[in-house]
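Only one structure is covered here, and it is reproduced in the block below.
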Amino acid sequence: MLHLALALAVFYVLHSLLAWTGVKRWVHSVLGLDRWYRLVYTALSLLLFAWVYFAYTRAGHCEPFWAIGPPVIIFGWSLVVLGACLAAAAVLRFGGMAFLGLAPEERGTLVRSGLHGRVRHPIYSGSLLSLVGWLCLSPNWPTVLSILITVLYLPIGIHLEELKLIADHGDAYRRYRDEVPALVPRWHTKEP
């Protein structure tokens, strides 16, 4: 379990550190990786996620907290798929190829429509939904630890991401932040 906690902590720390504008500028000035930074970031994230998965599978055999019958399996997989679709829709909204680093990233205007008109961080929301679904499917201590560390990280990740968005969009992002919830979508929409 300690290995899993370490893998998750390293994953989240490096996720935030490598997304920080200061690190991007430093890497560009030293290595000249401006065009390929996002691709390297994605590859490193996948590698770190593979480490998290490996640590999760090696966390030891843990008895489930409850019986897992067909209704729980259907409910759990429904949450996993819904969360994955929510996160994927957010990635695609910004151009999936650019998000992955396979196409040049374009600086655009602040997105406030569609999914982003209901929740500011749909990738994080989708990830949380998938984790809750995974808890239904695998109700054990490694899953609880993964969720706990993720929930502890999210306020930090959101804060750091929003600092970058405020630097990029200024008062427009501050207004957006005041009007749209961070993680739990609102069901009614307001005009931006």
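Residues in the structure tokens are numbered from 1 in each chain, the chains being A, B, ... in the order shown, and ligands are numbered from 1 in the order shown.
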Task: Those in segment 16-184 of chain A with helix (DSSP H, G or I) from DSSP, as a PyMOL selection string - done: chain A and resi 16-19+21-31+37-57+70-93+96-100+114-117+122-137+141-169+171-179
Task: Neighbour list for Val13 of chain A as number ranges by chain, cut-off 12 Å, only C-alpha atoms, skip fewer than 3 positions in-chain - done: A: 6-10, 16-20, 45, 48, 149-150, 152-154, 156-157, 160
File dump, residues just selected, N, CA and C atoms, as a PDB file, in the first residue's frame:
```pdb
ATOM      1  N   LEU A   6       2.978   6.113  -2.730  1.00  0.00           N
ATOM      2  CA  LEU A   6       4.127   6.801  -3.333  1.00  0.00           C
ATOM      3  C   LEU A   6       3.900   7.043  -4.821  1.00  0.00           C
ATOM      4  N   ALA A   7       3.420   6.025  -5.534  1.00  0.00           N
ATOM      5  CA  ALA A   7       3.177   6.165  -6.972  1.00  0.00           C
ATOM      6  C   ALA A   7       2.143   7.255  -7.249  1.00  0.00           C
ATOM      7  N   LEU A   8       1.071   7.276  -6.477  1.00  0.00           N
ATOM      8  CA  LEU A   8       0.039   8.313  -6.665  1.00  0.00           C
ATOM      9  C   LEU A   8       0.587   9.697  -6.344  1.00  0.00           C
ATOM     10  N   ALA A   9       1.348   9.801  -5.255  1.00  0.00           N
ATOM     11  CA  ALA A   9       1.907  11.100  -4.881  1.00  0.00           C
ATOM     12  C   ALA A   9       2.851  11.622  -5.962  1.00  0.00           C
ATOM     13  N   VAL A  10       3.725  10.765  -6.473  1.00  0.00           N
ATOM     14  CA  VAL A  10       4.652  11.178  -7.536  1.00  0.00           C
ATOM     15  C   VAL A  10       3.874  11.550  -8.791  1.00  0.00           C
ATOM     16  N   SER A  16       1.279  18.230 -11.724  1.00  0.00           N
ATOM     17  CA  SER A  16       1.163  19.673 -11.479  1.00  0.00           C
ATOM     18  C   SER A  16       2.443  20.410 -11.821  1.00  0.00           C
ATOM     19  N   LEU A  17       3.568  19.850 -11.440  1.00  0.00           N
ATOM     20  CA  LEU A  17       4.846  20.508 -11.699  1.00  0.00           C
ATOM     21  C   LEU A  17       5.084  20.678 -13.197  1.00  0.00           C
ATOM     22  N   LEU A  18       4.830  19.636 -13.977  1.00  0.00           N
ATOM     23  CA  LEU A  18       5.069  19.710 -15.417  1.00  0.00           C
ATOM     24  C   LEU A  18       4.039  20.565 -16.148  1.00  0.00           C
ATOM     25  N   ALA A  19       2.877  20.787 -15.534  1.00  0.00           N
ATOM     26  CA  ALA A  19       1.873  21.662 -16.134  1.00  0.00           C
ATOM     27  C   ALA A  19       2.143  23.134 -15.804  1.00  0.00           C
ATOM     28  N   TRP A  20       3.023  23.382 -14.868  1.00  0.00           N
ATOM     29  CA  TRP A  20       3.329  24.747 -14.440  1.00  0.00           C
ATOM     30  C   TRP A  20       4.050  25.503 -15.549  1.00  0.00           C
ATOM     31  N   SER A  45       3.104  11.176 -18.414  1.00  0.00           N
ATOM     32  CA  SER A  45       1.897  10.935 -17.613  1.00  0.00           C
ATOM     33  C   SER A  45       1.416   9.498 -17.766  1.00  0.00           C
ATOM     34  N   LEU A  48       3.799   7.253 -15.845  1.00  0.00           N
ATOM     35  CA  LEU A  48       3.541   7.353 -14.411  1.00  0.00           C
ATOM     36  C   LEU A  48       2.228   6.675 -14.031  1.00  0.00           C
ATOM     37  N   ILE A 149      -6.246   9.823  -1.802  1.00  0.00           N
ATOM     38  CA  ILE A 149      -5.129  10.643  -2.285  1.00  0.00           C
ATOM     39  C   ILE A 149      -5.592  11.557  -3.420  1.00  0.00           C
ATOM     40  N   THR A 150      -6.457  11.062  -4.285  1.00  0.00           N
ATOM     41  CA  THR A 150      -6.984  11.893  -5.371  1.00  0.00           C
ATOM     42  C   THR A 150      -7.793  13.058  -4.819  1.00  0.00           C
ATOM     43  N   LEU A 152      -7.520  14.417  -1.895  1.00  0.00           N
ATOM     44  CA  LEU A 152      -6.598  15.354  -1.248  1.00  0.00           C
ATOM     45  C   LEU A 152      -5.842  16.199  -2.269  1.00  0.00           C
ATOM     46  N   TYR A 153      -5.534  15.611  -3.420  1.00  0.00           N
ATOM     47  CA  TYR A 153      -4.800  16.338  -4.454  1.00  0.00           C
ATOM     48  C   TYR A 153      -5.666  17.357  -5.203  1.00  0.00           C
ATOM     49  N   LEU A 154      -6.925  17.042  -5.437  1.00  0.00           N
ATOM     50  CA  LEU A 154      -7.767  17.872  -6.317  1.00  0.00           C
ATOM     51  C   LEU A 154      -7.791  19.354  -5.961  1.00  0.00           C
ATOM     52  N   ILE A 156      -5.526  21.131  -4.659  1.00  0.00           N
ATOM     53  CA  ILE A 156      -4.212  21.668  -5.048  1.00  0.00           C
ATOM     54  C   ILE A 156      -4.127  21.773  -6.571  1.00  0.00           C
ATOM     55  N   GLY A 157      -4.492  20.699  -7.264  1.00  0.00           N
ATOM     56  CA  GLY A 157      -4.459  20.695  -8.726  1.00  0.00           C
ATOM     57  C   GLY A 157      -5.360  21.765  -9.320  1.00  0.00           C
ATOM     58  N   LEU A 160      -3.775  25.283  -8.735  1.00  0.00           N
ATOM     59  CA  LEU A 160      -2.653  25.553  -9.636  1.00  0.00           C
ATOM     60  C   LEU A 160      -3.128  25.769 -11.074  1.00  0.00           C
TER      61      LEU A 160
END
```
Proximity of segment 41-83 of chain A to segment 135-144 of chain A: per-residue shortest pair, 7 Å limit, only C-alpha atoms, as CSV:
```
residue,atom,partner,partner_atom,distance
A:Tyr56,CA,A:Pro142,CA,6.4
A:Ala59,CA,A:Pro142,CA,6.4
A:Cys62,CA,A:Asn140,CA,5.9
A:Glu63,CA,A:Asn140,CA,6.4
A:Pro64,CA,A:Pro139,CA,5.0
A:Phe65,CA,A:Pro139,CA,5.5
A:Trp66,CA,A:Pro139,CA,6.9
A:Ile68,CA,A:Leu137,CA,6.9
A:Val72,CA,A:Cys136,CA,6.3
A:Ile73,CA,A:Leu137,CA,5.9
A:Gly76,CA,A:Cys136,CA,5.0
```
Task: atom CA of Phe54 of chain A to atom CA of Ala88 of chain A, distance in Å rounded to a single decimal - done: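 Computing the Euclidean distance for atom CA of Phe54 of chain A and atom CA of Ala88 of chain A yields 23.2 Å.
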Open item on the list: Just to confirm, what's the straight-line distance from atom CA of Arg58 of chain A to atom CA of Leu148 of chain A in Å (one decimal)?
Closed with: 18.1 Å
Task: For segment 114-130 of chain A: contacts at 6 Å, only C-alpha atoms, fewer than 3 positions along chain excluded, given as a PyMOL selection string - done: chain A and resi 79-80+83-84+86-87+133+180-183+185-186
Since we have the selection now, will you write its residues out, keeping N, CA and C atoms, as a PDB file, in the first residue's frame?
```pdb
ATOM      1  N   LEU A  79     -20.917   4.057 -13.804  1.00  0.00           N
ATOM      2  CA  LEU A  79     -20.200   5.244 -13.314  1.00  0.00           C
ATOM      3  C   LEU A  79     -18.821   5.375 -13.958  1.00  0.00           C
ATOM      4  N   VAL A  80     -18.128   4.249 -14.109  1.00  0.00           N
ATOM      5  CA  VAL A  80     -16.801   4.281 -14.739  1.00  0.00           C
ATOM      6  C   VAL A  80     -16.915   4.810 -16.173  1.00  0.00           C
ATOM      7  N   GLY A  83     -18.050   8.551 -16.263  1.00  0.00           N
ATOM      8  CA  GLY A  83     -16.923   9.412 -15.900  1.00  0.00           C
ATOM      9  C   GLY A  83     -15.898   9.504 -17.018  1.00  0.00           C
ATOM     10  N   ALA A  84     -15.604   8.369 -17.647  1.00  0.00           N
ATOM     11  CA  ALA A  84     -14.648   8.368 -18.758  1.00  0.00           C
ATOM     12  C   ALA A  84     -15.183   9.182 -19.936  1.00  0.00           C
ATOM     13  N   LEU A  86     -17.305  11.698 -19.757  1.00  0.00           N
ATOM     14  CA  LEU A  86     -17.260  13.105 -19.351  1.00  0.00           C
ATOM     15  C   LEU A  86     -15.856  13.670 -19.543  1.00  0.00           C
ATOM     16  N   ALA A  87     -14.853  12.937 -19.073  1.00  0.00           N
ATOM     17  CA  ALA A  87     -13.468  13.386 -19.229  1.00  0.00           C
ATOM     18  C   ALA A  87     -13.068  13.434 -20.706  1.00  0.00           C
ATOM     19  N   GLY A 133     -17.153   4.697  -9.280  1.00  0.00           N
ATOM     20  CA  GLY A 133     -17.576   3.464  -9.949  1.00  0.00           C
ATOM     21  C   GLY A 133     -16.619   2.329  -9.678  1.00  0.00           C
ATOM     22  N   VAL A 180     -19.527  29.380 -12.337  1.00  0.00           N
ATOM     23  CA  VAL A 180     -19.644  27.958 -12.688  1.00  0.00           C
ATOM     24  C   VAL A 180     -18.917  27.129 -11.622  1.00  0.00           C
ATOM     25  N   PRO A 181     -19.591  26.085 -11.093  1.00  0.00           N
ATOM     26  CA  PRO A 181     -18.956  25.258 -10.054  1.00  0.00           C
ATOM     27  C   PRO A 181     -17.751  24.489 -10.585  1.00  0.00           C
ATOM     28  N   ALA A 182     -16.859  24.140  -9.680  1.00  0.00           N
ATOM     29  CA  ALA A 182     -15.609  23.474 -10.064  1.00  0.00           C
ATOM     30  C   ALA A 182     -15.809  22.020 -10.475  1.00  0.00           C
ATOM     31  N   LEU A 183     -16.498  21.232  -9.665  1.00  0.00           N
ATOM     32  CA  LEU A 183     -16.546  19.791  -9.898  1.00  0.00           C
ATOM     33  C   LEU A 183     -17.938  19.203 -10.070  1.00  0.00           C
ATOM     34  N   PRO A 185     -21.453  19.465 -11.531  1.00  0.00           N
ATOM     35  CA  PRO A 185     -22.120  20.266 -12.574  1.00  0.00           C
ATOM     36  C   PRO A 185     -23.428  20.874 -12.092  1.00  0.00           C
ATOM     37  N   ARG A 186     -23.690  22.063 -12.559  1.00  0.00           N
ATOM     38  CA  ARG A 186     -25.009  22.648 -12.315  1.00  0.00           C
ATOM     39  C   ARG A 186     -25.903  22.199 -13.462  1.00  0.00           C
TER      40      ARG A 186
END
```
Task: Near-Asp168 of chain A list (10 Å; only C-alpha atoms; drop same-chain fewer than 5 positions) as a list in words - done: Arg107, Gly108, Thr109, Leu110, Glu162, Leu163 and Tyr173 of chain A
